[in-house]
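> Okay, here's the structure, questions in a sec.
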Amino acid sequence: MSDVLDSKPTTAENPVNPYLRLDRMPSIWCPGCGIGTTVNCFTRALTECGLDLDKVSIVSGIGCTGRVAGYLNLDSFHTTHGRAIPFATGLKLANPENKVVVYSGDGDLTAIGGNHFIHAARRNVDIVVVCVNNHTYGMTGGQVTPTTPGPAVASTTPYGAFEYPFNLPYLADSCGAVYVARWTTYHVRQIGKAMREALGKRGFSFIEIISPCPTLYARRNRLGDGLDAMKYYKEKSVVKSDADTREVGIDFQGDIICGRFVDRERETWIEGYNRQHSAKLGERFTPYPTGFAEA
Amino acid sequence: MGADPNGVLTGSHYLDGDHACCEGAIAAGCRFVAGYPITPSTEVVERIAQRFPRVGDGIFIQMEDEIASSIAIQGAMWGGKKVMTVTSGPGLSLMMEHLGLAAMTEVPCVFVDVQRTGPSTGLPTQPGQADMMQVRWGSHGDYKIIAICPNSPQEAFDFTFDAFNLSEKYRVPVMVMLDECIGHMIERVDIPTADKLEVTERKWTKKKPGEYKPFEVTDDTMVPDACKAGDGYRIHVTGLTHDEQGYPVMNHIAQEKLLRRLVDKINLHADDIVRYEEIDVEDADVVVLTYGITSRVAMRAIRMAREQGVKVGMHRLIVAWPFPEKRVRELAATKKAIVVPEMNYGQMVLEVERVAAGRCPVRLVDHAGGTVHDPQVICDAILEVVR
């Protein structure tokens, strides 16, 4: 693989191709969907990180974004609905030298998987979590999610959503994530950079990517197509790094505060495990590998 | 191959079934356990939490719930570990989706179920045997698992050890069906030296990346070779219906091909997996078919009935799933009756009836759980069926 990355392109082949399972193309994603854009950014981040791709695993739950695992030419795990994070927790702890990335949607990660999300952030499990937030359940036909801003119409809120939506950066921040960023699929360079930074962090890193669902969310709310979403993101995104995450909630078609909100250091789960057991057991305890090069 | 001496607590000990189960797992090479506290299984993970840091290379994590526990172990299996989760009652219900995932994606893993009564919260601290059908049928879709039933702390050690070996051999979840009595009963447990414990290691593929397909079967074991994340194979694993490459295939042909193999790898090797113990069956007119703690109560009933001149023996299920169809069919054809005491309102008896198919009367001695049977009630049933 490194040969491919090192060489200058000599053909017109898409530079993303080496990262994809081309035998699985075309993808299931609709025209105008933002998930593929984020995957493109992810492959660029992988290139720039210089990681050994044999040591990168990707874990997804269920849903449109849940299919990302199936298209990336990495060790890839398409698990059960909402449970990508606990699967990734086991995968990471069993073999910490692997970089583990969870890639899933807002419904999967924050509704059915919400409990796992907060606990993994609290534990500071050393994983990257990418949430493609399109404010809806795409795979099942456009139902309301915990991030749907009211009064957006969804198939299960035909008269408009009315519940208070999650502000995901605030949720991740308050649970102890060491890296929290939000961008939209308009911000492809920033997404790539955020992913690169997250892949370099020790601990639970979270990136929210606001992404269009033209087929369901946009159409039902008469918001136009994928291009209209790009225009909205361009006009209404406000880059405000280090913003107080309490202030970055998203209203229906309102401003989208973007940026890198949190970047800090905190003991990871394995580091805590080693510290406590070394303190109590001394020589009788052999520290567990952290997966990090020793300082 | 012998066990790792670091993990084997060689010697004679007084242990309860939960602790013995923990030692069986460690001796078998288990080095990742995820669990959530629930009575009466908690002692298993408490001991794991105490033992792993001293054994080395083992990770125990208390997860946020049983759902997380039952999939964290599957992630850890793909990371290369031998893995286990432990639960009871409502926790088992929460794990059902991931039992199906483990069957579908052929994850060798052990689920320990220390049975209490139900439904719902039931009697949390008291014994039951009413999860026997749930482990067989509780996840959606068709699947096959292995379930093994200890009736003593010694067997909690032995059979948990065996459960790991079976799970590796067949790449299937194996259920260790303890109950509250066995889990909390303290008896002598003899643990041999590591070299006397034969451990089945994972069947790692010898193929190179590019040649290896993670769900391809090349011999009559019907079990694919294993690999782990990080070894360069770039595998894909999905709970969707998939082909040998692991890629989703959304049609009935792929479904038939995959499902048929997943159930046949157990069905066609049932003779290798099935285990039972028989006592005084040869001359018996009546056979008491039972398992777990109830088998020990039934022994008393059998002695009582023998004292009254009834020729009665015992067939004890060690492996409940797959069910010992051949042997039970023989018993049904040659005995006057089969009496089935179990701590539920009739679960394994349904299998006995199905297999006996009217060749002899089958008499259930049911029990709602909460305590063990009164031996007299089982004895009365034996006397009734010979009358």
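Every chain in the structure tokens has a letter given in the order shown (A, B, ...), and although residue numbers restart at 1 in each chain, ligands are simply numbered from 1 in the order shown.
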Excluding His184 (chain B) and any residue of its chain fewer than 3 positions from it, enumerate the residues within 12 Å of it, using only C-alpha atoms, and give them as a ChimeraX atom specification.

/B:14-21,39-44,114-116,125-127,151-153,156,178-181,187,293

> Per residue of chain A within 9 Å of chain B, record the nearest atom pair and its distance in Å to one decimal, counting only C-alpha atoms, with rows in chain order and ascending residue number, as a Markdown table.


```
| residue | atom | partner | partner_atom | distance |
| --- | --- | --- | --- | --- |
| A:Arg24 | CA | B:Tyr247 | CA | 8.1 |
| A:Leu53 | CA | B:Gly232 | CA | 8.2 |
| A:Asp54 | CA | B:Gly232 | CA | 4.7 |
| A:Lys55 | CA | B:Gly230 | CA | 4.5 |
| A:Val56 | CA | B:Gly230 | CA | 7.0 |
| A:Ser57 | CA | B:Ala229 | CA | 6.9 |
| A:Ala69 | CA | B:His236 | CA | 7.8 |
| A:Gly70 | CA | B:His236 | CA | 6.5 |
| A:Asn73 | CA | B:Arg234 | CA | 6.2 |
| A:Leu74 | CA | B:Arg234 | CA | 4.7 |
| A:Asp75 | CA | B:Arg234 | CA | 4.1 |
| A:Ser76 | CA | B:His236 | CA | 4.8 |
| A:Phe77 | CA | B:Val237 | CA | 4.9 |
| A:His78 | CA | B:Thr238 | CA | 4.6 |
| A:Thr79 | CA | B:Thr238 | CA | 6.0 |
| A:Thr80 | CA | B:Gly239 | CA | 7.1 |
| A:Arg83 | CA | B:Ala68 | CA | 6.9 |
| A:Ala84 | CA | B:Ile71 | CA | 8.6 |
| A:Ile85 | CA | B:Ala72 | CA | 8.4 |
| A:Pro86 | CA | B:Ala72 | CA | 4.9 |
| A:Phe87 | CA | B:Ala72 | CA | 4.4 |
| A:Ala88 | CA | B:Gly75 | CA | 5.9 |
| A:Thr89 | CA | B:Ala72 | CA | 6.1 |
| A:Gly90 | CA | B:Ala76 | CA | 4.2 |
| A:Leu91 | CA | B:Gly75 | CA | 4.1 |
| A:Lys92 | CA | B:Gly79 | CA | 7.2 |
| A:Leu93 | CA | B:Ala76 | CA | 6.9 |
| A:Ala94 | CA | B:Ala76 | CA | 4.9 |
| A:Asn95 | CA | B:Gly79 | CA | 5.3 |
| A:Pro96 | CA | B:Gly79 | CA | 8.7 |
| A:Glu97 | CA | B:Gly230 | CA | 8.2 |
| A:Asn98 | CA | B:Gly230 | CA | 6.2 |
| A:Asn115 | CA | B:Glu64 | CA | 7.5 |
| A:His116 | CA | B:Glu64 | CA | 7.1 |
| A:His119 | CA | B:Glu64 | CA | 6.9 |
| A:His277 | CA | B:Pro53 | CA | 7.1 |
| A:Leu281 | CA | B:Arg54 | CA | 8.1 |
| A:Arg284 | CA | B:Arg54 | CA | 6.1 |
| A:Phe285 | CA | B:Arg54 | CA | 5.6 |
| A:Thr286 | CA | B:Gly56 | CA | 6.0 |
| A:Pro287 | CA | B:Gly56 | CA | 8.0 |
| A:Tyr288 | CA | B:Asp57 | CA | 6.3 |
| A:Pro289 | CA | B:Asp57 | CA | 8.6 |
```

> Write out the residues from the selection above, keeping N, CA and C atoms, as a CSV table (one decimal), in the first residue's frame.


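For reference, selection-v1.csv as written:
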```csv
chain,number,residue,atom,x,y,z
A,24,ARG,N,-17.0,-3.4,-4.6
A,24,ARG,CA,-18.3,-3.2,-4.0
A,24,ARG,C,-19.0,-1.9,-4.5
A,53,LEU,N,-1.9,1.2,7.0
A,53,LEU,CA,-3.3,0.9,6.9
A,53,LEU,C,-3.7,-0.5,7.3
A,54,ASP,N,-2.8,-1.4,7.4
A,54,ASP,CA,-3.1,-2.7,7.9
A,54,ASP,C,-3.4,-2.6,9.4
A,55,LYS,N,-3.1,-1.5,10.0
A,55,LYS,CA,-3.3,-1.4,11.4
A,55,LYS,C,-4.5,-0.4,11.7
A,56,VAL,N,-5.3,-0.2,10.7
A,56,VAL,CA,-6.4,0.7,10.9
A,56,VAL,C,-7.7,-0.1,10.7
A,57,SER,N,-8.6,-0.1,11.7
A,57,SER,CA,-9.8,-0.8,11.6
A,57,SER,C,-11.0,0.2,11.6
A,69,ALA,N,-18.1,1.3,6.5
A,69,ALA,CA,-17.2,0.2,6.8
A,69,ALA,C,-17.1,-0.8,5.6
A,70,GLY,N,-18.2,-1.0,5.0
A,70,GLY,CA,-18.2,-2.0,3.9
A,70,GLY,C,-17.5,-1.5,2.6
A,73,ASN,N,-11.3,-0.2,2.2
A,73,ASN,CA,-10.4,-1.3,2.1
A,73,ASN,C,-9.5,-1.4,3.3
A,74,LEU,N,-10.1,-1.5,4.5
A,74,LEU,CA,-9.4,-1.7,5.8
A,74,LEU,C,-10.0,-2.9,6.4
A,75,ASP,N,-9.5,-3.3,7.6
A,75,ASP,CA,-10.3,-4.2,8.4
A,75,ASP,C,-11.5,-3.5,8.8
A,76,SER,N,-12.7,-4.1,8.4
A,76,SER,CA,-13.9,-3.3,8.5
A,76,SER,C,-15.0,-4.1,9.1
A,77,PHE,N,-15.8,-3.5,10.0
A,77,PHE,CA,-16.8,-4.3,10.8
A,77,PHE,C,-18.1,-3.5,10.8
A,78,HIS,N,-19.1,-4.2,10.2
A,78,HIS,CA,-20.4,-3.6,10.1
A,78,HIS,C,-21.2,-4.4,11.1
A,79,THR,N,-21.5,-3.7,12.3
A,79,THR,CA,-22.0,-4.4,13.5
A,79,THR,C,-23.5,-4.3,13.6
A,80,THR,N,-24.0,-4.2,14.8
A,80,THR,CA,-25.4,-4.1,15.0
A,80,THR,C,-25.8,-2.6,15.3
A,83,ARG,N,-24.3,-0.2,18.1
A,83,ARG,CA,-23.3,-0.8,19.0
A,83,ARG,C,-21.9,-0.8,18.4
A,84,ALA,N,-21.7,0.1,17.5
A,84,ALA,CA,-20.3,0.2,16.9
A,84,ALA,C,-19.3,0.6,18.0
A,85,ILE,N,-19.7,1.5,18.9
A,85,ILE,CA,-18.7,1.9,19.9
A,85,ILE,C,-18.3,0.8,20.9
A,86,PRO,N,-19.2,0.1,21.5
A,86,PRO,CA,-18.8,-1.0,22.4
A,86,PRO,C,-18.0,-2.1,21.6
A,87,PHE,N,-18.3,-2.4,20.3
A,87,PHE,CA,-17.6,-3.3,19.5
A,87,PHE,C,-16.1,-2.7,19.4
A,88,ALA,N,-16.0,-1.5,19.0
A,88,ALA,CA,-14.7,-0.8,18.9
A,88,ALA,C,-13.9,-0.8,20.2
A,89,THR,N,-14.6,-0.7,21.3
A,89,THR,CA,-14.0,-0.7,22.6
A,89,THR,C,-13.3,-2.0,22.8
A,90,GLY,N,-14.0,-3.1,22.5
A,90,GLY,CA,-13.4,-4.4,22.6
A,90,GLY,C,-12.2,-4.6,21.7
A,91,LEU,N,-12.4,-4.2,20.4
A,91,LEU,CA,-11.4,-4.4,19.4
A,91,LEU,C,-10.1,-3.6,19.8
A,92,LYS,N,-10.3,-2.4,20.3
A,92,LYS,CA,-9.2,-1.6,20.6
A,92,LYS,C,-8.4,-2.1,21.8
A,93,LEU,N,-9.2,-2.5,22.9
A,93,LEU,CA,-8.5,-3.0,24.1
A,93,LEU,C,-7.9,-4.4,23.9
A,94,ALA,N,-8.4,-5.2,23.0
A,94,ALA,CA,-7.8,-6.5,22.7
A,94,ALA,C,-6.4,-6.3,22.0
A,95,ASN,N,-6.3,-5.3,21.2
A,95,ASN,CA,-5.1,-5.2,20.4
A,95,ASN,C,-4.8,-3.7,20.2
A,96,PRO,N,-4.3,-3.0,21.2
A,96,PRO,CA,-4.2,-1.5,21.2
A,96,PRO,C,-3.3,-1.0,20.1
A,97,GLU,N,-2.5,-1.8,19.4
A,97,GLU,CA,-1.7,-1.3,18.3
A,97,GLU,C,-2.5,-0.9,17.1
A,98,ASN,N,-3.7,-1.4,17.1
A,98,ASN,CA,-4.6,-1.0,16.0
A,98,ASN,C,-5.3,0.4,16.3
A,115,ASN,N,-26.1,5.7,24.9
A,115,ASN,CA,-25.5,5.3,26.1
A,115,ASN,C,-24.0,4.9,25.9
A,116,HIS,N,-23.8,4.2,24.9
A,116,HIS,CA,-22.4,3.7,24.6
A,116,HIS,C,-21.5,4.9,24.3
A,119,HIS,N,-20.5,6.8,27.5
A,119,HIS,CA,-19.6,6.0,28.4
A,119,HIS,C,-18.2,5.8,27.8
A,277,HIS,N,-3.4,-0.3,38.6
A,277,HIS,CA,-3.0,-1.7,39.0
A,277,HIS,C,-1.5,-1.7,39.3
A,281,LEU,N,-0.6,-3.3,42.8
A,281,LEU,CA,0.0,-4.6,42.7
A,281,LEU,C,1.5,-4.6,42.5
A,284,ARG,N,3.8,-7.4,40.8
A,284,ARG,CA,3.0,-8.5,40.4
A,284,ARG,C,2.1,-8.2,39.1
A,285,PHE,N,2.1,-6.9,38.7
A,285,PHE,CA,1.3,-6.5,37.6
A,285,PHE,C,2.2,-6.1,36.4
A,286,THR,N,1.9,-6.7,35.3
A,286,THR,CA,2.6,-6.3,34.0
A,286,THR,C,1.7,-5.4,33.3
A,287,PRO,N,2.2,-4.1,33.1
A,287,PRO,CA,1.3,-3.2,32.4
A,287,PRO,C,0.9,-3.7,31.0
A,288,TYR,N,-0.3,-3.3,30.7
A,288,TYR,CA,-0.9,-3.7,29.4
A,288,TYR,C,-0.4,-2.7,28.4
A,289,PRO,N,-0.2,-3.2,27.2
A,289,PRO,CA,0.3,-2.3,26.1
A,289,PRO,C,-0.7,-1.2,25.8
```

> Out of region 64-130 of chain A, which residues get helix (DSSP H, G or I) from DSSP, as a count of residues only?

35

> Set the distance at 9 Å and use only C-alpha atoms: which residues neighbour Val287 (chain B) once local chain neighbours fewer than 4 positions away are removed? I'd like the list as number ranges by chain.

B: 280-281, 311-315, 331, 335-340, 382

> Between CA of Gly29 (chain B) and CA of Ile145 (chain B), what is the distance in Å, rounded to a tenth?

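For CA of Gly29 (chain B) relative to CA of Ile145 (chain B), the distance reads 20.6 Å.
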
> Extract, using only C-alpha atoms, all DNA, RNA and protein residues at most 12 Å from Glu168 (chain B), discarding same-chain residues fewer than 6 positions from it, and format them as a list in words.

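Surrounding residues, per the criterion: Ala28, Gly29, Cys30, Met77, Gly80, Lys81, Lys82, Val83, Glu106, Val107, Pro108, Cys109, Val110, Ile146, Phe161, Asp162, Val174, Val199, Thr200, Glu201, Arg202, Lys203, Trp204, Thr221, Val223, Pro224, Asp225 and Ala226 of chain B.
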
> Which polymer residues have any atom within 10 Å of an atom of Thr121 (chain B), counting only C-alpha atoms, with same-chain residues fewer than 4 positions away left out, as a list in words?

Gly89, Pro90, Arg116 and Thr117 of chain B

> Would you mind reading off the distance between CA of Met175 (chain B) and CA of Lys213 (chain B), one decimal, in Å?

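For CA of Met175 (chain B) relative to CA of Lys213 (chain B), the distance reads 27.5 Å.
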
> Between A:Arg122, A:Gly114, A:Tyr137, A:Tyr159, which is the closest to Cys64 (chain A) once you count only C-alpha atoms?

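That would be A:Tyr137, the residue with the smallest distance to Cys64 (chain A).
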
> A:Pro214, A:Pro26, A:Pro169, A:Gly82: which is nearest Gly142 (chain A), counting only C-alpha atoms?

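Of A:Pro214, A:Pro26, A:Pro169, A:Gly82, the one nearest Gly142 (chain A) is A:Pro214, counting only C-alpha atoms.
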
> Mind checking which residues fall within 12 Å of Lys265 (chain B), counting only C-alpha atoms, ignoring those fewer than 4 positions away in the same chain, and posting them as a list in words?

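Near Lys265 (chain B), the qualifying residues are Ala103, Glu106, Tyr143, Lys144, Ile145, Ile146, Lys169, Tyr170, Arg171, Val172, Val217, Asp219, Asp220, Thr221, Met222, Val223, Pro224, Leu258, Leu259, Arg260, Arg261, His269, Ala270, Asp271, Asp272, Ile273 and Pro322 of chain B.
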
> Nearest to Ala218 (chain A) among A:Gly259, A:Gly32, A:Gly105, A:Pro158, with distances taken over only C-alpha atoms: which residue is it?

A:Gly32
